[in-house]
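Colleague: Take a look at query15.pdb, PDB, C-alpha atoms, pLDDT in the B column:
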ATOM      1  CA  MET T   1       0.000   0.000   0.000  1.00 66.00           C
ATOM      2  CA  LYS T   2       1.164   3.506  -0.758  1.00 88.00           C
ATOM      3  CA  LYS T   3       2.263   5.369   2.344  1.00 96.00           C
ATOM      4  CA  SER T   4       0.581   8.374   3.871  1.00 98.00           C
ATOM      5  CA  VAL T   5       2.788  11.433   4.290  1.00 98.00           C
ATOM      6  CA  PHE T   6       2.736  13.401   7.539  1.00 98.00           C
ATOM      7  CA  TYR T   7       4.020  16.972   7.174  1.00 98.00           C
ATOM      8  CA  HIS T   8       4.986  18.933  10.235  1.00 97.00           C
ATOM      9  CA  ALA T   9       7.297  21.690  11.420  1.00 97.00           C
ATOM     10  CA  GLY T  10       8.465  20.533  14.818  1.00 94.00           C
ATOM     11  CA  CYS T  11       5.929  22.582  16.788  1.00 94.00           C
ATOM     12  CA  PRO T  12       4.473  21.083  19.986  1.00 95.00           C
ATOM     13  CA  VAL T  13       1.091  20.509  18.305  1.00 96.00           C
ATOM     14  CA  CYS T  14       2.953  18.805  15.440  1.00 96.00           C
ATOM     15  CA  VAL T  15       4.956  16.488  17.667  1.00 96.00           C
ATOM     16  CA  SER T  16       1.897  15.434  19.632  1.00 97.00           C
ATOM     17  CA  ALA T  17      -0.109  14.749  16.470  1.00 98.00           C
ATOM     18  CA  GLU T  18       2.829  12.852  14.961  1.00 98.00           C
ATOM     19  CA  GLN T  19       2.897  10.477  17.911  1.00 97.00           C
ATOM     20  CA  ASP T  20      -0.851   9.953  17.664  1.00 98.00           C
ATOM     21  CA  ILE T  21      -0.792   9.306  13.927  1.00 98.00           C
ATOM     22  CA  ILE T  22       2.105   6.862  14.166  1.00 97.00           C
ATOM     23  CA  GLN T  23       0.324   5.008  16.943  1.00 96.00           C
ATOM     24  CA  LEU T  24      -2.921   4.879  14.931  1.00 97.00           C
ATOM     25  CA  ILE T  25      -1.565   4.042  11.491  1.00 96.00           C
ATOM     26  CA  GLY T  26       1.774   2.425  12.263  1.00 96.00           C
ATOM     27  CA  ALA T  27       5.210   3.919  11.596  1.00 97.00           C
ATOM     28  CA  SER T  28       5.698   1.711   8.539  1.00 97.00           C
ATOM     29  CA  HIS T  29       2.633   3.224   6.861  1.00 97.00           C
ATOM     30  CA  VAL T  30       3.563   6.863   7.156  1.00 98.00           C
ATOM     31  CA  GLU T  31       6.463   8.963   5.924  1.00 98.00           C
ATOM     32  CA  VAL T  32       7.243  11.864   8.249  1.00 98.00           C
ATOM     33  CA  VAL T  33       8.469  15.100   6.648  1.00 98.00           C
ATOM     34  CA  HIS T  34       9.761  17.993   8.775  1.00 97.00           C
ATOM     35  CA  LEU T  35       9.202  21.056   6.587  1.00 97.00           C
ATOM     36  CA  GLY T  36      11.288  23.252   8.885  1.00 95.00           C
ATOM     37  CA  GLU T  37      14.320  21.060   8.317  1.00 96.00           C
ATOM     38  CA  ASP T  38      13.563  20.149   4.711  1.00 96.00           C
ATOM     39  CA  LYS T  39      12.316  23.337   3.102  1.00 96.00           C
ATOM     40  CA  SER T  40      12.798  21.851  -0.352  1.00 96.00           C
ATOM     41  CA  ARG T  41       9.596  19.887   0.218  1.00 97.00           C
ATOM     42  CA  ILE T  42       7.396  22.881   1.062  1.00 98.00           C
ATOM     43  CA  ALA T  43       6.399  23.265  -2.604  1.00 97.00           C
ATOM     44  CA  GLU T  44       5.346  19.614  -2.708  1.00 97.00           C
ATOM     45  CA  ALA T  45       3.237  20.098   0.423  1.00 98.00           C
ATOM     46  CA  GLU T  46       1.547  23.188  -1.012  1.00 98.00           C
ATOM     47  CA  LYS T  47       0.860  21.366  -4.254  1.00 98.00           C
ATOM     48  CA  ALA T  48      -0.829  18.588  -2.265  1.00 98.00           C
ATOM     49  CA  GLY T  49      -3.148  21.239  -0.818  1.00 98.00           C
ATOM     50  CA  ILE T  50      -1.612  21.695   2.614  1.00 98.00           C
ATOM     51  CA  ARG T  51      -2.317  25.081   4.187  1.00 97.00           C
ATOM     52  CA  SER T  52      -1.185  24.386   7.739  1.00 98.00           C
ATOM     53  CA  VAL T  53       0.777  21.821   9.700  1.00 98.00           C
ATOM     54  CA  PRO T  54       0.488  19.237  11.034  1.00 98.00           C
ATOM     55  CA  ALA T  55      -1.255  17.605   8.091  1.00 98.00           C
ATOM     56  CA  LEU T  56      -1.558  14.133   6.693  1.00 98.00           C
ATOM     57  CA  VAL T  57      -1.827  13.334   3.003  1.00 98.00           C
ATOM     58  CA  THR T  58      -3.565   9.982   2.582  1.00 98.00           C
ATOM     59  CA  PRO T  59      -2.483   7.398  -0.023  1.00 97.00           C
ATOM     60  CA  ASN T  60      -5.311   8.582  -2.289  1.00 95.00           C
ATOM     61  CA  GLY T  61      -4.226  12.197  -2.042  1.00 97.00           C
ATOM     62  CA  ASN T  62      -6.716  13.627   0.427  1.00 98.00           C
ATOM     63  CA  VAL T  63      -5.396  16.201   2.874  1.00 98.00           C
ATOM     64  CA  LEU T  64      -6.300  15.931   6.543  1.00 98.00           C
ATOM     65  CA  HIS T  65      -5.352  19.090   8.413  1.00 98.00           C
ATOM     66  CA  ILE T  66      -4.946  17.935  11.998  1.00 98.00           C
ATOM     67  CA  ASN T  67      -5.396  20.488  14.767  1.00 97.00           C
ATOM     68  CA  PHE T  68      -3.398  23.628  14.031  1.00 97.00           C
ATOM     69  CA  GLY T  69       0.267  24.167  14.645  1.00 96.00           C
ATOM     70  CA  ALA T  70       1.398  26.701  12.077  1.00 96.00           C
ATOM     71  CA  SER T  71       0.411  27.982   8.667  1.00 97.00           C
ATOM     72  CA  ILE T  72       2.517  27.110   5.650  1.00 96.00           C
ATOM     73  CA  ALA T  73       3.284  30.821   5.347  1.00 95.00           C
ATOM     74  CA  ASP T  74       4.848  30.718   8.815  1.00 95.00           C
ATOM     75  CA  VAL T  75       6.829  27.608   7.946  1.00 95.00           C
ATOM     76  CA  LYS T  76       8.195  29.364   4.875  1.00 91.00           C
ATOM     77  CA  GLY T  77       9.156  32.212   7.200  1.00 84.00           C
TER      78      GLY T  77
ATOM     79  CA  MET Y   1      -6.752  -2.236  21.927  1.00 66.00           C
ATOM     80  CA  LYS Y   2      -9.190   0.449  22.943  1.00 88.00           C
ATOM     81  CA  LYS Y   3     -10.982   1.968  19.955  1.00 96.00           C
ATOM     82  CA  SER Y   4     -10.637   5.495  18.680  1.00 98.00           C
ATOM     83  CA  VAL Y   5     -13.894   7.453  18.441  1.00 98.00           C
ATOM     84  CA  PHE Y   6     -14.677   9.515  15.367  1.00 98.00           C
ATOM     85  CA  TYR Y   7     -17.273  12.248  15.969  1.00 98.00           C
ATOM     86  CA  HIS Y   8     -18.981  13.900  13.043  1.00 97.00           C
ATOM     87  CA  ALA Y   9     -22.203  15.591  12.035  1.00 97.00           C
ATOM     88  CA  GLY Y  10     -22.875  14.343   8.537  1.00 94.00           C
ATOM     89  CA  CYS Y  11     -21.373  17.351   6.770  1.00 94.00           C
ATOM     90  CA  PRO Y  12     -19.508  16.776   3.488  1.00 95.00           C
ATOM     91  CA  VAL Y  13     -16.144  17.471   5.177  1.00 96.00           C
ATOM     92  CA  CYS Y  14     -17.119  14.960   7.874  1.00 96.00           C
ATOM     93  CA  VAL Y  15     -18.084  12.206   5.459  1.00 96.00           C
ATOM     94  CA  SER Y  16     -14.891  12.613   3.469  1.00 97.00           C
ATOM     95  CA  ALA Y  17     -12.728  12.532   6.596  1.00 98.00           C
ATOM     96  CA  GLU Y  18     -14.647   9.530   7.916  1.00 98.00           C
ATOM     97  CA  GLN Y  19     -13.828   7.546   4.794  1.00 97.00           C
ATOM     98  CA  ASP Y  20     -10.163   8.524   5.057  1.00 98.00           C
ATOM     99  CA  ILE Y  21      -9.907   7.633   8.745  1.00 98.00           C
ATOM    100  CA  ILE Y  22     -11.610   4.266   8.282  1.00 97.00           C
ATOM    101  CA  GLN Y  23      -9.287   3.480   5.408  1.00 96.00           C
ATOM    102  CA  LEU Y  24      -6.226   4.486   7.444  1.00 97.00           C
ATOM    103  CA  ILE Y  25      -7.078   2.939  10.797  1.00 96.00           C
ATOM    104  CA  GLY Y  26      -9.520   0.198   9.836  1.00 96.00           C
ATOM    105  CA  ALA Y  27     -13.250   0.145  10.568  1.00 97.00           C
ATOM    106  CA  SER Y  28     -12.782  -2.287  13.457  1.00 97.00           C
ATOM    107  CA  HIS Y  29     -10.552   0.185  15.292  1.00 97.00           C
ATOM    108  CA  VAL Y  30     -12.846   3.169  15.245  1.00 98.00           C
ATOM    109  CA  GLU Y  31     -16.322   3.859  16.591  1.00 98.00           C
ATOM    110  CA  VAL Y  32     -18.212   6.387  14.467  1.00 98.00           C
ATOM    111  CA  VAL Y  33     -20.601   8.737  16.288  1.00 98.00           C
ATOM    112  CA  HIS Y  34     -22.971  11.038  14.363  1.00 97.00           C
ATOM    113  CA  LEU Y  35     -23.630  13.902  16.779  1.00 97.00           C
ATOM    114  CA  GLY Y  36     -26.440  15.261  14.633  1.00 95.00           C
ATOM    115  CA  GLU Y  37     -28.366  11.992  14.985  1.00 96.00           C
ATOM    116  CA  ASP Y  38     -27.255  11.185  18.526  1.00 96.00           C
ATOM    117  CA  LYS Y  39     -27.335  14.475  20.383  1.00 96.00           C
ATOM    118  CA  SER Y  40     -27.124  12.668  23.707  1.00 96.00           C
ATOM    119  CA  ARG Y  41     -23.415  12.183  23.052  1.00 97.00           C
ATOM    120  CA  ILE Y  42     -22.592  15.856  22.459  1.00 97.00           C
ATOM    121  CA  ALA Y  43     -21.787  16.332  26.152  1.00 97.00           C
ATOM    122  CA  GLU Y  44     -19.360  13.393  25.997  1.00 97.00           C
ATOM    123  CA  ALA Y  45     -17.666  14.901  22.944  1.00 98.00           C
ATOM    124  CA  GLU Y  46     -17.332  18.284  24.618  1.00 97.00           C
ATOM    125  CA  LYS Y  47     -15.917  16.660  27.748  1.00 98.00           C
ATOM    126  CA  ALA Y  48     -13.310  14.930  25.565  1.00 98.00           C
ATOM    127  CA  GLY Y  49     -12.238  18.375  24.364  1.00 98.00           C
ATOM    128  CA  ILE Y  50     -13.899  18.452  20.955  1.00 98.00           C
ATOM    129  CA  ARG Y  51     -14.617  21.945  19.655  1.00 97.00           C
ATOM    130  CA  SER Y  52     -15.424  21.130  16.044  1.00 98.00           C
ATOM    131  CA  VAL Y  53     -16.245  18.167  13.860  1.00 98.00           C
ATOM    132  CA  PRO Y  54     -14.979  16.005  12.341  1.00 98.00           C
ATOM    133  CA  ALA Y  55     -12.684  14.977  15.177  1.00 98.00           C
ATOM    134  CA  LEU Y  56     -11.010  11.802  16.323  1.00 98.00           C
ATOM    135  CA  VAL Y  57     -10.393  10.920  19.956  1.00 98.00           C
ATOM    136  CA  THR Y  58      -7.467   8.501  20.154  1.00 98.00           C
ATOM    137  CA  PRO Y  59      -7.412   5.515  22.528  1.00 97.00           C
ATOM    138  CA  ASN Y  60      -5.228   7.554  24.922  1.00 95.00           C
ATOM    139  CA  GLY Y  61      -7.688  10.452  24.935  1.00 97.00           C
ATOM    140  CA  ASN Y  62      -5.981  12.920  22.608  1.00 98.00           C
ATOM    141  CA  VAL Y  63      -8.239  14.946  20.332  1.00 98.00           C
ATOM    142  CA  LEU Y  64      -7.363  15.320  16.673  1.00 98.00           C
ATOM    143  CA  HIS Y  65      -9.509  17.988  15.031  1.00 98.00           C
ATOM    144  CA  ILE Y  66      -9.487  17.037  11.372  1.00 98.00           C
ATOM    145  CA  ASN Y  67     -10.115  19.759   8.805  1.00 97.00           C
ATOM    146  CA  PHE Y  68     -13.188  21.779   9.749  1.00 97.00           C
ATOM    147  CA  GLY Y  69     -16.772  20.855   9.111  1.00 96.00           C
ATOM    148  CA  ALA Y  70     -18.768  22.553  11.847  1.00 96.00           C
ATOM    149  CA  SER Y  71     -18.324  23.872  15.353  1.00 97.00           C
ATOM    150  CA  ILE Y  72     -19.864  21.996  18.265  1.00 96.00           C
ATOM    151  CA  ALA Y  73     -22.014  25.087  18.848  1.00 95.00           C
ATOM    152  CA  ASP Y  74     -23.478  24.631  15.362  1.00 95.00           C
ATOM    153  CA  VAL Y  75     -24.063  20.927  15.954  1.00 95.00           C
ATOM    154  CA  LYS Y  76     -25.976  21.762  19.138  1.00 91.00           C
ATOM    155  CA  GLY Y  77     -28.058  24.115  16.962  1.00 83.00           C
TER     156      GLY Y  77
END
Mind turning this structure into structure tokens?

Modeller:
Amino acid sequence: MKKSVFYHAGCPVCVSAEQDIIQLIGASHVEVVHLGEDKSRIAEAEKAGIRSVPALVTPNGNVLHINFGASIADVKG
Amino acid sequence: MKKSVFYHAGCPVCVSAEQDIIQLIGASHVEVVHLGEDKSRIAEAEKAGIRSVPALVTPNGNVLHINFGASIADVKG
């Protein structure tokens, strides 16, 4: 199965949601991307439709914005 | 394992997120509660910390607000 991708930026809300998602879905089913550390992937996240982090992109391309840590604009900083 | 509980109110955003969550976690791991049809559980959702739907309460009690369909105030109507 294609993996989900979890985008975050290291904020407390992000870290908490990351732990929850990994526990729910399983670490092997989700790729974790830290947009603060890997800014080259911000464009990819925006293209997927992500407007804030943390967010999960499902294998079929749907975006689930989970709680609210920071806007993509803030991550771009 | 204790189940997660997915609270929603039948809105389009809710239905879409419900399908995603069931696909990600598996239907057997999540109880789905429609607060519009079962208003007796609104108090339970509020006590869990839910402020909008759709939302998922994890087995350890964390609340993941997923996207935004409607506020709990609107669900109470």

Colleague: Lay chain T over chain Y with a least-squares fit on all the C-alpha atoms, paired in sequence, and tell me the RMSD.

Modeller: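 It is 0.0 Å.
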
Colleague: Taking only residues of chain Y that have an atom at most 7 Å from an atom of chain T, what is each one's shortest atom pair and its distance in Å to one decimal, using only C-alpha atoms, in chain and number order, as CSV?

Modeller:
residue,atom,partner,partner_atom,distance
Y:Leu24,CA,T:Ile25,CA,6.2
Y:Ile25,CA,T:Ile25,CA,5.7
Y:Leu64,CA,T:Asn67,CA,5.8
Y:His65,CA,T:Asn67,CA,4.8
Y:Ile66,CA,T:Ile66,CA,4.7
Y:Asn67,CA,T:His65,CA,4.8

Colleague: Could the residues in this selection be saved with C-alpha atoms as a compact mmCIF listing (two decimals), keeping the file's coordinate frame?

Modeller:
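Printed below is out.txt as written:
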# COMPACT_ATOMS: atom_id res chain seq x y z
CA LEU Y 24 -6.23 4.49 7.44
CA ILE Y 25 -7.08 2.94 10.80
CA LEU Y 64 -7.36 15.32 16.67
CA HIS Y 65 -9.51 17.99 15.03
CA ILE Y 66 -9.49 17.04 11.37
CA ASN Y 67 -10.12 19.76 8.80

Colleague: If I take atom CA of Cys14 of chain Y and atom CA of Val53 of chain T, how far is one from the other in Å, to one decimal?

Modeller: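 One can read the atom CA of Cys14 of chain Y to atom CA of Val53 of chain T distance as 19.3 Å.
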
Colleague: Can you work out the spacing between atom CA of Gly10 of chain Y and atom CA of Phe6 of chain T in Å, to one decimal?

Modeller: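 It comes out at 25.6 Å.
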
Colleague: Pick the closest to Gly36 of chain T from T:Gly49, T:Val13, T:Gly77, T:Glu18: which is it, counting all atoms listed in the file?

Modeller: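 Selected residue with least distance to Gly36 of chain T: T:Gly77.
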
Colleague: Quick one: everything within 6 Å of Ser52 of chain Y, counting all atoms listed in the file, minus sequence neighbours fewer than 2 positions away in the same chain. Send it as a list of chain:residue names.

Modeller: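 The contact residues come out as Y:Ile50, Y:Ala70, Y:Ser71, Y:Ile72.
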
Colleague: Atom CA of Glu44 of chain T and atom CA of Val5 of chain T, how far apart in Å?

Modeller: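 Pair atom CA of Val5 of chain T / atom CA of Glu44 of chain T returns 11.1 Å.
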
Colleague: For each of Y:Val32, Y:Ala27, Y:Ile22, Y:Ala43, take the minimum atom-to-atom distance to Ala73 of chain Y, counting only C-alpha atoms, then give the residue where this is smallest.

Modeller: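 Of the candidates, the smallest distance to Ala73 of chain Y is held by Y:Ala43.
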